[in-house]
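A.B. asks: The structure that follows is given in the form of structure tokens.
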Amino acid sequence: MKIAIATINEPSLKAAQKLAKLLDNHECHIFNKQIEDGKRLHKFTKVDEILPTAWSEFDALIFIMATGAVVRKVAPFLKDKATDPAVVIVTLDLKKVIPLLSGHLGGANELAEEICAKVDGCVNFVTTASDQTDRFAFDLFAKAYNFAISNLKSLAEVSNAIINRKKVQVVSFPSIFELIKRFKGYKEENFVFCSIDNLLEFDANLPSVYITPQHLANSALQLHPQEIVLGLGMNRGTPKEEIQNAVLQFCLEHQLKLTQVTKLASFSKKADEDGLLAFAKEQNLPLEFFNEAAINELERDFSPSQATKFFGIKGVAEPAALLASRYKTLFLNKRIYGGVTVAASF
């Protein structure tokens with residue numbers, strides 16, 4: 001984290017210097033009224049001078065000053081919980097910490113916990129309800145796994161249901177259900193799981209969370225895994241432009257962003273395809289190949305493929321995408337675009 005520590009007098013400066021040493025795993029800059037060294041110590045006259053820059057350039061702001069003063073100073077800069085930096089208040093003796101703003105997505109709660117772990121007797125006055133009640137928090141879950149969030153305004157309904165010991169419905173895939181069950185704060189009483197492969201179980205009366213790489217046309221809370229693998233198959237000699245067009249069509253049809261794609265995968269006998277190699281290089285994406293044994297060892301069925309006839313394997317696009325993905329979840333079966341097949345996994 002890049003952290004700005006703001007002080008207004010000599011005692012708070014001394015406290016800031018001590019705190020910066022304890023947080024030496026972060027990049028800490030101390031803003032004060034006494035010392036300037038051009039590196040990590042920056043001199044100012046009034047807090048108002050530093051806030052515009054600090055708010056936009058730092059991940060977290062630690063204030064060693066009165067809570068009321070901090071609230072008044074930061075109020076004009078507040079935007080939303082998705083973009084505001086973490087704001088933490090610490091007392092002069094470093095014994096009391098208040099994560100004031102952006103506790104989850106901004107990391108204020110986590111930073112406050114770190115300070116408390118490094119200062120004997122330090123008390124963390126955390127105020128977020130999910131932390132106080134040890135309940136599951138979807139924004140923390142998304143942050144932990146680097147999932148993007150859509151419709152963040154719908155988080156409150158879901159969070160309140162969990163805190164009030166009511167059920168929420170998660171619409172996703174089995175691999176995601178297992179991640180949720182292992183995440184801190186999970187309580188079985190709070191969750192109903194509905195597989196995207198069996199929407200007959202969907203309960204329209206429950207607050208719902210959709211976890212899929214695709215951006216859906218609804219107002220419910222959505223979390224989007226960002227590490228998508230595209231499995232690609234193609235006829236011999238397929239040019240780069242045809243492969244690129246197939247990928248773009250696939251993403252458009254399935255509400256995916258090309259920026260979500262982190263890897264390409266295919267069958268080992270496609271490793272000399274100039275068009276595929278050129279496309280991967282142009283997109284700056286790693287390309288992974290799998291041989292017959294790896295593909296045929298997969299214990300699942302795939303869409304019918306000409307690769308079975310020509311190479312004796314279960315397929316190309318679907319099994320390659322599955323093998324190269326982190327969570328082994330094939331969420332989009334192959335689509336055929338002329339001489340190119342595309343499938344997606346995460």
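Identifiers for the structure tokens are assigned positionally: chains receive A, B, ... in sequence, residues are indexed from 1 per chain, and ligands are indexed from 1 in the order shown.
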Env of segment 239-256 of chain A: 6 Å cut, atoms = only C-alpha atoms, seq-sep filter 5 positions within chain, self excluded. Answer as a CSV table (one decimal) with N, CA and C atoms, in the first residue's frame.

C.D. replies:
chain,number,residue,atom,x,y,z
A,214,GLN,N,-19.5,-13.2,-16.8
A,214,GLN,CA,-20.4,-12.4,-17.7
A,214,GLN,C,-21.1,-11.2,-17.0
A,215,HIS,N,-21.3,-10.2,-17.7
A,215,HIS,CA,-22.0,-9.0,-17.1
A,215,HIS,C,-23.5,-9.1,-17.5
A,275,GLY,N,-1.0,-18.0,-37.3
A,275,GLY,CA,-2.1,-17.1,-37.0
A,275,GLY,C,-2.4,-17.0,-35.5
A,279,PHE,N,-1.7,-13.8,-33.0
A,279,PHE,CA,-2.8,-13.2,-32.2
A,279,PHE,C,-2.4,-13.2,-30.8
A,337,TYR,N,-17.0,-20.4,-35.3
A,337,TYR,CA,-17.0,-19.2,-36.2
A,337,TYR,C,-16.2,-19.5,-37.4

A.B. asks: Which residues are close to segment 295-308 of chain A, i.e. within 8 Å by only C-alpha atoms, leaving aside same-chain residues fewer than 6 positions away? Reply as a list in words.

C.D. replies: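 Near segment 295-308 of chain A, the qualifying residues are Lys314, Gly315, Val316, Glu318, Pro319, Ala320, Leu323, Asn333 and Lys334 of chain A.
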
A.B. asks: For the helix (DSSP H, G or I) assignment from backbone DSSP, which residues of segment 84-293 of chain A qualify? Please present them as a ChimeraX atom specification.

C.D. replies: /A:108-118,129-132,138-144,152-163,174-182,188-190,199-201,240-253,258-260,268-270,274-283,292-293

A.B. asks: With a distance cut-off of 10 Å and only C-alpha atoms, select the neighbouring residues of Asp272 of chain A, excluding the residue or stretch itself and same-chain residues fewer than 4 positions from it, and output the selection as a list in words.

C.D. replies: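 My list of contacting residues is Arg236, Gly237, Ser268, Leu276 and Leu277 of chain A.
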